[in-house]
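Q: Pasting query00.txt here (compact mmCIF, C-alpha atoms and all ligand atoms):
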# COMPACT_ATOMS: atom_id res chain seq x y z
CA MET A 265 14.24 -2.14 -10.59
CA ILE A 266 11.67 -4.91 -10.15
CA GLN A 267 14.01 -7.92 -10.15
CA SER A 268 14.84 -8.11 -6.42
CA LEU A 269 11.16 -7.67 -5.51
CA LEU A 270 10.37 -10.82 -7.49
CA THR A 271 13.19 -12.95 -6.09
CA ASP A 272 13.66 -11.74 -2.49
CA GLY A 273 11.57 -11.51 0.64
CA VAL A 274 7.87 -12.18 1.06
CA VAL A 275 6.96 -11.40 -2.58
CA GLY A 276 9.88 -13.52 -3.86
CA ARG A 277 8.63 -16.51 -1.85
CA ALA A 278 5.04 -15.96 -3.03
CA VAL A 279 6.23 -15.95 -6.64
CA SER A 280 8.44 -19.03 -6.30
CA SER A 281 5.69 -20.97 -4.50
CA GLY A 282 3.20 -20.05 -7.23
CA LEU A 283 0.80 -18.12 -4.97
CA ILE A 284 1.09 -15.09 -7.25
CA ARG A 285 2.47 -14.50 -10.74
CA VAL A 286 4.11 -11.24 -11.77
CA GLY A 287 5.06 -10.49 -15.37
CA VAL A 288 7.29 -7.56 -16.30
CA HIS A 289 6.99 -6.05 -19.78
CA ASP A 290 9.36 -3.60 -21.41
CA LEU A 291 7.57 -0.86 -23.38
CA ARG A 292 10.47 -0.77 -25.84
CA ASP A 293 9.42 -4.25 -27.01
CA PHE A 294 6.21 -2.64 -28.29
CA THR A 295 7.77 0.05 -30.47
CA ASP A 296 8.23 -0.11 -34.23
CA ASP A 297 10.98 2.37 -34.97
CA ARG A 298 14.72 1.83 -35.23
CA HIS A 299 15.41 3.66 -31.96
CA ARG A 300 12.65 1.85 -30.07
CA SER A 301 11.36 5.26 -28.91
CA VAL A 302 8.78 5.31 -26.17
CA ASP A 303 8.58 9.10 -25.76
CA ASP A 304 8.16 12.23 -27.82
CA VAL A 305 8.05 16.04 -27.38
CA PRO A 306 4.85 17.48 -25.83
CA TYR A 307 2.23 19.18 -28.01
CA GLY A 308 2.05 22.82 -26.95
CA GLY A 309 5.72 22.87 -26.02
CA GLY A 310 7.30 22.85 -22.61
CA PRO A 311 10.10 20.94 -20.94
CA GLY A 312 10.62 17.20 -20.96
CA MET A 313 9.23 14.33 -22.97
CA VAL A 314 5.87 12.56 -22.90
CA LEU A 315 5.42 8.79 -23.10
CA LYS A 316 3.72 7.85 -26.37
CA PRO A 317 0.37 6.03 -26.31
CA GLU A 318 1.11 3.27 -28.88
CA PRO A 319 3.59 1.17 -26.82
CA PHE A 320 1.17 1.11 -23.86
CA PHE A 321 -1.84 0.13 -26.01
CA ARG A 322 0.17 -2.57 -27.81
CA ALA A 323 1.60 -3.93 -24.55
CA VAL A 324 -1.86 -4.23 -22.98
CA ALA A 325 -3.25 -5.83 -26.17
CA ALA A 326 -0.45 -8.44 -25.98
CA ILE A 327 -1.23 -9.08 -22.30
CA ARG A 328 -4.94 -9.50 -23.20
CA ARG A 329 -4.08 -12.00 -25.94
CA GLU A 330 -1.82 -14.02 -23.66
CA HIS A 331 -3.59 -13.83 -20.32
CA GLY A 332 -7.15 -12.72 -21.06
CA GLU A 333 -9.01 -9.61 -19.97
CA PRO A 334 -7.46 -7.93 -16.89
CA ASP A 335 -9.78 -7.00 -13.99
CA VAL A 336 -7.92 -3.74 -13.45
CA VAL A 337 -5.56 -1.64 -15.60
CA ALA A 338 -4.04 0.89 -13.24
CA LEU A 339 -1.80 3.73 -14.30
CA MET A 340 0.81 4.58 -11.67
CA SER A 341 0.77 8.37 -11.39
CA PRO A 342 1.09 11.13 -8.80
CA GLN A 343 -2.29 12.39 -10.14
CA GLY A 344 -4.01 9.20 -9.02
CA ARG A 345 -5.99 8.38 -5.91
CA VAL A 346 -3.55 7.86 -3.04
CA LEU A 347 -3.29 4.16 -2.19
CA ARG A 348 -4.85 3.10 1.11
CA HIS A 349 -5.29 -0.25 2.79
CA GLU A 350 -8.89 -0.64 1.54
CA GLN A 351 -7.85 -0.35 -2.12
CA ALA A 352 -4.88 -2.70 -1.62
CA SER A 353 -7.26 -5.18 -0.01
CA ALA A 354 -9.70 -4.90 -2.93
CA LEU A 355 -6.86 -5.43 -5.44
CA SER A 356 -5.71 -8.53 -3.54
CA GLY A 357 -9.09 -10.09 -4.36
CA ARG A 358 -8.70 -9.49 -8.12
CA SER A 359 -7.14 -12.23 -10.19
CA HIS A 360 -5.49 -10.17 -12.93
CA VAL A 361 -4.14 -6.66 -12.40
CA VAL A 362 -2.07 -4.69 -14.90
CA LEU A 363 0.05 -1.81 -13.59
CA LEU A 364 1.23 0.75 -16.15
CA CYS A 365 4.39 2.63 -15.23
CA GLY A 366 4.85 6.18 -16.44
CA ARG A 367 8.26 7.77 -16.89
CA TYR A 368 9.75 11.13 -17.66
CA GLU A 369 7.53 14.17 -17.32
CA GLY A 370 4.25 12.52 -18.14
CA VAL A 371 2.25 10.06 -20.20
CA ASP A 372 -0.06 10.81 -23.12
CA GLU A 373 -3.54 11.56 -21.72
CA ARG A 374 -5.13 8.92 -24.02
CA ILE A 375 -3.57 6.25 -21.80
CA HIS A 376 -5.60 7.63 -18.91
CA LEU A 377 -8.73 8.17 -21.06
CA ALA A 378 -8.90 4.93 -23.03
CA LEU A 379 -6.68 2.32 -21.42
CA ALA A 380 -6.47 2.69 -17.65
CA THR A 381 -9.46 1.79 -15.49
CA GLU A 382 -7.94 3.70 -12.57
CA GLU A 383 -4.94 5.76 -11.55
CA ILE A 384 -2.95 5.00 -8.41
CA SER A 385 -0.56 7.28 -6.55
CA ILE A 386 1.56 6.04 -3.65
CA GLY A 387 1.83 9.48 -2.06
CA ASP A 388 2.01 13.20 -2.59
CA TYR A 389 5.52 13.37 -4.01
CA VAL A 390 6.95 12.69 -7.47
CA LEU A 391 9.11 9.66 -8.27
CA SER A 392 11.20 9.62 -11.41
CA GLY A 393 9.08 6.76 -12.71
CA GLY A 394 6.18 4.48 -11.90
CA GLU A 395 8.29 1.32 -11.40
CA LEU A 396 8.97 1.88 -7.71
CA ALA A 397 5.33 2.81 -7.18
CA ALA A 398 4.27 -0.41 -8.94
CA ALA A 399 6.69 -2.37 -6.75
CA VAL A 400 5.05 -0.84 -3.68
CA VAL A 401 1.61 -1.87 -4.97
CA VAL A 402 2.78 -5.43 -5.75
CA ASP A 403 4.31 -5.80 -2.29
CA THR A 404 1.37 -4.45 -0.32
CA VAL A 405 -1.25 -6.29 -2.40
CA ALA A 406 0.67 -9.59 -2.45
CA ARG A 407 0.95 -9.76 1.34
CA LEU A 408 -2.85 -9.52 1.55
CA VAL A 409 -3.30 -12.58 -0.68
CA PRO A 410 -4.18 -15.53 1.58
CA GLY A 411 -1.15 -17.75 2.25
CA VAL A 412 1.51 -15.20 1.23
CA VAL A 413 2.25 -14.12 4.81
CA GLY A 414 2.71 -17.29 6.85
CA ASP A 415 0.88 -16.10 9.95
CA ALA A 416 -2.47 -14.70 8.75
CA LYS A 417 -3.02 -13.13 12.18
CA SER A 418 -0.05 -10.81 11.74
CA VAL A 419 -1.72 -9.33 8.64
CA GLU A 420 -5.14 -9.16 10.31
CA GLN A 421 -3.78 -7.33 13.33
CA GLU A 422 -1.42 -4.82 11.72
CA SER A 423 -1.80 -1.10 11.10
CA PHE A 424 -4.72 0.21 9.01
CA VAL A 425 -6.63 -3.09 8.88
CA ASP A 426 -9.06 -1.79 11.49
CA GLY A 427 -8.49 1.84 10.58
CA LEU A 428 -5.95 2.53 13.35
CA LEU A 429 -2.16 2.64 13.56
CA ASP A 430 -0.52 -0.37 15.18
CA HIS A 431 0.18 -0.59 18.92
CA PRO A 432 3.80 -0.74 20.21
CA HIS A 433 5.56 -4.11 20.16
CA TYR A 434 8.22 -5.41 22.55
CA THR A 435 10.44 -8.48 22.75
CA ARG A 436 13.17 -9.54 25.18
CA PRO A 437 15.08 -8.25 27.13
CA PRO A 438 12.60 -6.84 29.67
CA VAL A 439 14.82 -3.80 30.28
CA PHE A 440 16.99 -2.29 27.57
CA ASP A 441 19.01 0.88 27.92
CA GLY A 442 16.85 1.88 30.88
CA TYR A 443 13.59 1.38 28.95
CA GLU A 444 11.28 -1.18 30.48
CA VAL A 445 8.68 -3.38 28.76
CA PRO A 446 5.27 -2.28 30.11
CA GLU A 447 4.26 -4.43 33.07
CA VAL A 448 0.89 -5.41 31.55
CA LEU A 449 2.59 -7.20 28.61
CA ARG A 450 4.45 -9.41 31.07
CA SER A 451 1.39 -10.06 33.22
CA GLY A 452 -0.03 -12.91 31.13
CA HIS A 453 -3.48 -11.31 31.53
CA HIS A 454 -4.80 -11.54 27.97
CA VAL A 455 -7.87 -9.36 28.40
CA GLU A 456 -5.75 -6.60 29.94
CA ILE A 457 -3.13 -6.99 27.20
CA GLN A 458 -5.81 -6.64 24.50
CA ARG A 459 -7.21 -3.57 26.21
CA TRP A 460 -3.74 -2.00 26.54
CA ARG A 461 -2.99 -2.64 22.86
CA ARG A 462 -6.30 -1.10 21.77
CA ARG A 463 -5.73 1.92 23.93
CA GLU A 464 -2.15 2.42 22.66
CA ALA A 465 -3.26 2.00 19.02
CA LEU A 466 -5.93 4.65 19.52
CA ARG A 467 -3.60 6.97 21.43
CA ARG A 468 -0.99 6.76 18.66
CA THR A 469 -3.57 7.31 15.96
CA GLN A 470 -4.94 10.35 17.75
CA ALA A 471 -1.45 11.77 18.25
CA ARG A 472 0.03 11.00 14.83
CA ARG A 473 -2.79 10.49 12.34
CA PRO A 474 -5.98 12.08 13.67
CA ASP A 475 -7.21 12.15 10.04
CA LEU A 476 -7.69 8.38 10.23
CA LEU A 477 -10.20 8.51 13.06
CA GLY A 478 -13.76 7.96 12.01
CA GLN A 479 -12.76 6.87 8.48
CA GLY A 480 -12.02 3.19 8.84
CA PRO A 481 -14.26 0.15 9.16
CA LEU A 482 -13.96 0.52 12.91
CA ASP A 483 -15.76 3.58 14.15
CA ALA A 484 -12.82 5.05 16.03
CA ARG A 485 -14.98 7.76 17.59
CA ARG A 486 -16.99 5.06 19.28
CA TRP A 487 -13.75 3.55 20.56
CA SER A 488 -12.53 6.93 21.61
CA SER A 489 -15.52 7.61 23.85
CA LYS A 490 -15.43 4.06 25.17
CA LEU A 491 -11.80 4.47 26.13
CA LYS A 492 -12.51 7.83 27.68
CA ASP A 493 -15.22 6.27 29.83
CA GLU A 494 -12.84 3.52 30.79
CA ALA A 495 -10.08 5.96 31.59
CA SER A 496 -12.32 8.19 33.68
CA ARG A 497 -13.43 5.15 35.67
CA SER A 498 -9.82 4.21 36.30
CA SER A 499 -7.76 6.14 38.83
CA ASP A 500 -5.05 6.80 36.22
CA ARG A 501 -5.77 10.45 35.38
CA GLU A 502 -2.80 10.72 33.06
CA GLN A 503 -4.30 8.11 30.76
CA ALA A 504 -7.60 9.96 30.64
CA ASP A 505 -5.82 13.17 29.61
CA GLU A 506 -4.03 11.43 26.76
CA CYS A 507 -7.24 9.84 25.49
CA ASP A 508 -8.77 13.32 25.36
N1 LIG A 601 5.00 8.11 -10.57
C1 LIG A 601 5.70 9.19 -10.19
N2 LIG A 601 5.37 9.57 -8.96
C2 LIG A 601 4.41 8.69 -8.53
C3 LIG A 601 3.65 8.55 -7.34
N3 LIG A 601 3.79 9.38 -6.31
N4 LIG A 601 2.77 7.54 -7.28
C4 LIG A 601 2.60 6.71 -8.32
N5 LIG A 601 3.28 6.79 -9.45
C5 LIG A 601 4.18 7.77 -9.57
In structure tokens, what does this structure look like?

A:
Amino acid sequence: MIQSLLTDGVVGRAVSSGLIRVGVHDLRDFTDDRHRSVDDVPYGGGPGMVLKPEPFFRAVAAIRREHGEPDVVALMSPQGRVLRHEQASALSGRSHVVLLCGRYEGVDERIHLALATEEISIGDYVLSGGELAAAVVVDTVARLVPGVVGDAKSVEQESFVDGLLDHPHYTRPPVFDGYEVPEVLRSGHHVEIQRWRRREALRRTQARRPDLLGQGPLDARRWSSKLKDEASRSSDREQADECD
């Protein structure tokens, strides 16, 4: 499940160029029974199996011995804090992060109590295991490591970095299927282009993710009123209505 992440695309290139290192460990290598069991029936009964604590504790002890003390030991779990850009950015500044992947119906609570320093969810839905969630974390954190994405500006200017969704993007041709590239983007007027992009980013955020406004590093409410002022000064009433 993790292989293609480590060989293909942006993360694959970061790994092969040595900008990041990613180790994958199989919990079954840290079992001591004939069947290499990593799970057992839940105390108290109920459906499904629970991942045993010992393989996790032994795996992390082996990682400690080989690579030193990790900065973060995060358990991937739908009960965790939902991952946002700020946390991904903080993780990209850490040098050694261990991600523990749960499977089946759950993991023994002692993993959460005595091993993990935090718990990360990638959204309010349940995956069949933590591997895909860990892959999501590796991808999003790796691209924030300086040098991993060739053009640093594209990371700096994308969605969530300033607390807003991204503005629309266009490339050639100027008209496609009757849809025209907005005139301002073809004007060569950089100040106007910046203003248009800001306004579109804010408009999209208000329409699609109003929950983001006022949360990010950029005080979007300040932007909102600024854009409203701007719009009311302009003769374009339609724009003013949308900014409202
Ligand atoms: N494991 C199962 N579901 C998950 C989720 N939503 N986030 C992180 N890990 C998970």

Q: Hey, which residues come within 6 Å of ligand LIG 601 (chain A) if we count all atoms listed in the file? Could you give them as a ChimeraX atom specification?

A: /A:340-342,384-394,397

Q: Might you pull out every residue within 9 Å of range 352-369 of chain A, with only C-alpha atoms counted and same-chain residues fewer than 2 positions away left off, and present them as a PyMOL selection string?

A: chain A and resi 303+311-315+320+324+327+331-341+347-350+371+380+391-398+401+404-410

Q: Can you tell me which residues surround Phe294 in chain A at a distance of at most 7 Å, considering only C-alpha atoms, apart from same-chain residues fewer than 5 positions away, and format the answer as a VMD selection string?

A: chain A and resid 319 322 to 323

Q: With C-alpha atoms kept, could you save the residues just selected as a short mmCIF file (atom, residue, chain, number, x, y, z; two decimals), in the coordinates of the input?

A:
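This is the output file again33.cif:
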data_model
loop_
_atom_site.label_atom_id
_atom_site.label_comp_id
_atom_site.auth_asym_id
_atom_site.auth_seq_id
_atom_site.Cartn_x
_atom_site.Cartn_y
_atom_site.Cartn_z
CA PRO A 319 3.59 1.17 -26.82
CA ARG A 322 0.17 -2.57 -27.81
CA ALA A 323 1.60 -3.93 -24.55
#

Q: What's the 9 Å shell around range 268-274 of chain A, counting only C-alpha atoms, without same-chain residues fewer than 3 positions away, as JSON, numbers by chain?

A: {"A": [265, 277, 278, 279, 280, 286, 399, 402, 403, 406, 407, 412, 413]}

Q: Go ahead and write the selection's residues with C-alpha atoms as a PDB file, in the coordinates of the input.

A:
ATOM      1  CA  MET A 265      14.240  -2.140 -10.590  1.00  0.00           C
ATOM      2  CA  ARG A 277       8.630 -16.510  -1.850  1.00  0.00           C
ATOM      3  CA  ALA A 278       5.040 -15.960  -3.030  1.00  0.00           C
ATOM      4  CA  VAL A 279       6.230 -15.950  -6.640  1.00  0.00           C
ATOM      5  CA  SER A 280       8.440 -19.030  -6.300  1.00  0.00           C
ATOM      6  CA  VAL A 286       4.110 -11.240 -11.770  1.00  0.00           C
ATOM      7  CA  ALA A 399       6.690  -2.370  -6.750  1.00  0.00           C
ATOM      8  CA  VAL A 402       2.780  -5.430  -5.750  1.00  0.00           C
ATOM      9  CA  ASP A 403       4.310  -5.800  -2.290  1.00  0.00           C
ATOM     10  CA  ALA A 406       0.670  -9.590  -2.450  1.00  0.00           C
ATOM     11  CA  ARG A 407       0.950  -9.760   1.340  1.00  0.00           C
ATOM     12  CA  VAL A 412       1.510 -15.200   1.230  1.00  0.00           C
ATOM     13  CA  VAL A 413       2.250 -14.120   4.810  1.00  0.00           C
TER      14      VAL A 413
END

Q: Using all atoms listed in the file, which residues sit within 12 Å of Glu422 in chain A once same-chain residues fewer than 2 positions away are excluded, as a PDB file with C-alpha atoms, in the frame of the given file?

A:
ATOM      1  CA  HIS A 349      -5.290  -0.250   2.790  1.00  0.00           C
ATOM      2  CA  ARG A 407       0.950  -9.760   1.340  1.00  0.00           C
ATOM      3  CA  LEU A 408      -2.850  -9.520   1.550  1.00  0.00           C
ATOM      4  CA  ASP A 415       0.880 -16.100   9.950  1.00  0.00           C
ATOM      5  CA  ALA A 416      -2.470 -14.700   8.750  1.00  0.00           C
ATOM      6  CA  LYS A 417      -3.020 -13.130  12.180  1.00  0.00           C
ATOM      7  CA  SER A 418      -0.050 -10.810  11.740  1.00  0.00           C
ATOM      8  CA  VAL A 419      -1.720  -9.330   8.640  1.00  0.00           C
ATOM      9  CA  GLU A 420      -5.140  -9.160  10.310  1.00  0.00           C
ATOM     10  CA  PHE A 424      -4.720   0.210   9.010  1.00  0.00           C
ATOM     11  CA  VAL A 425      -6.630  -3.090   8.880  1.00  0.00           C
ATOM     12  CA  ASP A 426      -9.060  -1.790  11.490  1.00  0.00           C
ATOM     13  CA  GLY A 427      -8.490   1.840  10.580  1.00  0.00           C
ATOM     14  CA  LEU A 428      -5.950   2.530  13.350  1.00  0.00           C
ATOM     15  CA  LEU A 429      -2.160   2.640  13.560  1.00  0.00           C
ATOM     16  CA  ASP A 430      -0.520  -0.370  15.180  1.00  0.00           C
ATOM     17  CA  HIS A 431       0.180  -0.590  18.920  1.00  0.00           C
ATOM     18  CA  PRO A 432       3.800  -0.740  20.210  1.00  0.00           C
ATOM     19  CA  HIS A 433       5.560  -4.110  20.160  1.00  0.00           C
ATOM     20  CA  ARG A 461      -2.990  -2.640  22.860  1.00  0.00           C
ATOM     21  CA  ARG A 462      -6.300  -1.100  21.770  1.00  0.00           C
ATOM     22  CA  ALA A 465      -3.260   2.000  19.020  1.00  0.00           C
TER      23      ALA A 465
END

Q: Regenerate range 445-457 of chain A at the level of N, CA and C atoms and dump it as a PDB file, in the frame of the given file.

A:
ATOM      1  N   VAL A 445       9.892  -2.875  29.441  1.00  0.00           N
ATOM      2  CA  VAL A 445       8.680  -3.380  28.760  1.00  0.00           C
ATOM      3  C   VAL A 445       7.496  -3.136  29.709  1.00  0.00           C
ATOM      4  N   PRO A 446       6.407  -2.532  29.227  1.00  0.00           N
ATOM      5  CA  PRO A 446       5.270  -2.280  30.110  1.00  0.00           C
ATOM      6  C   PRO A 446       4.843  -3.544  30.880  1.00  0.00           C
ATOM      7  N   GLU A 447       4.579  -3.327  32.142  1.00  0.00           N
ATOM      8  CA  GLU A 447       4.260  -4.430  33.070  1.00  0.00           C
ATOM      9  C   GLU A 447       3.120  -5.313  32.531  1.00  0.00           C
ATOM     10  N   VAL A 448       2.083  -4.665  31.983  1.00  0.00           N
ATOM     11  CA  VAL A 448       0.890  -5.410  31.550  1.00  0.00           C
ATOM     12  C   VAL A 448       1.242  -6.494  30.516  1.00  0.00           C
ATOM     13  N   LEU A 449       2.229  -6.220  29.645  1.00  0.00           N
ATOM     14  CA  LEU A 449       2.590  -7.200  28.610  1.00  0.00           C
ATOM     15  C   LEU A 449       3.257  -8.427  29.196  1.00  0.00           C
ATOM     16  N   ARG A 450       3.776  -8.272  30.425  1.00  0.00           N
ATOM     17  CA  ARG A 450       4.450  -9.410  31.070  1.00  0.00           C
ATOM     18  C   ARG A 450       3.518 -10.098  32.072  1.00  0.00           C
ATOM     19  N   SER A 451       2.290  -9.575  32.175  1.00  0.00           N
ATOM     20  CA  SER A 451       1.390 -10.060  33.220  1.00  0.00           C
ATOM     21  C   SER A 451       0.737 -11.394  32.863  1.00  0.00           C
ATOM     22  N   GLY A 452       0.664 -11.693  31.559  1.00  0.00           N
ATOM     23  CA  GLY A 452      -0.030 -12.910  31.130  1.00  0.00           C
ATOM     24  C   GLY A 452      -1.550 -12.756  31.162  1.00  0.00           C
ATOM     25  N   HIS A 453      -2.032 -11.561  31.440  1.00  0.00           N
ATOM     26  CA  HIS A 453      -3.480 -11.310  31.530  1.00  0.00           C
ATOM     27  C   HIS A 453      -3.971 -10.859  30.140  1.00  0.00           C
ATOM     28  N   HIS A 454      -4.529 -11.821  29.386  1.00  0.00           N
ATOM     29  CA  HIS A 454      -4.800 -11.540  27.970  1.00  0.00           C
ATOM     30  C   HIS A 454      -5.834 -10.455  27.734  1.00  0.00           C
ATOM     31  N   VAL A 455      -6.845 -10.404  28.581  1.00  0.00           N
ATOM     32  CA  VAL A 455      -7.870  -9.360  28.400  1.00  0.00           C
ATOM     33  C   VAL A 455      -7.240  -7.984  28.611  1.00  0.00           C
ATOM     34  N   GLU A 456      -6.417  -7.883  29.666  1.00  0.00           N
ATOM     35  CA  GLU A 456      -5.750  -6.600  29.940  1.00  0.00           C
ATOM     36  C   GLU A 456      -4.780  -6.230  28.823  1.00  0.00           C
ATOM     37  N   ILE A 457      -4.095  -7.235  28.294  1.00  0.00           N
ATOM     38  CA  ILE A 457      -3.130  -6.990  27.200  1.00  0.00           C
ATOM     39  C   ILE A 457      -3.871  -6.449  25.975  1.00  0.00           C
TER      40      ILE A 457
END
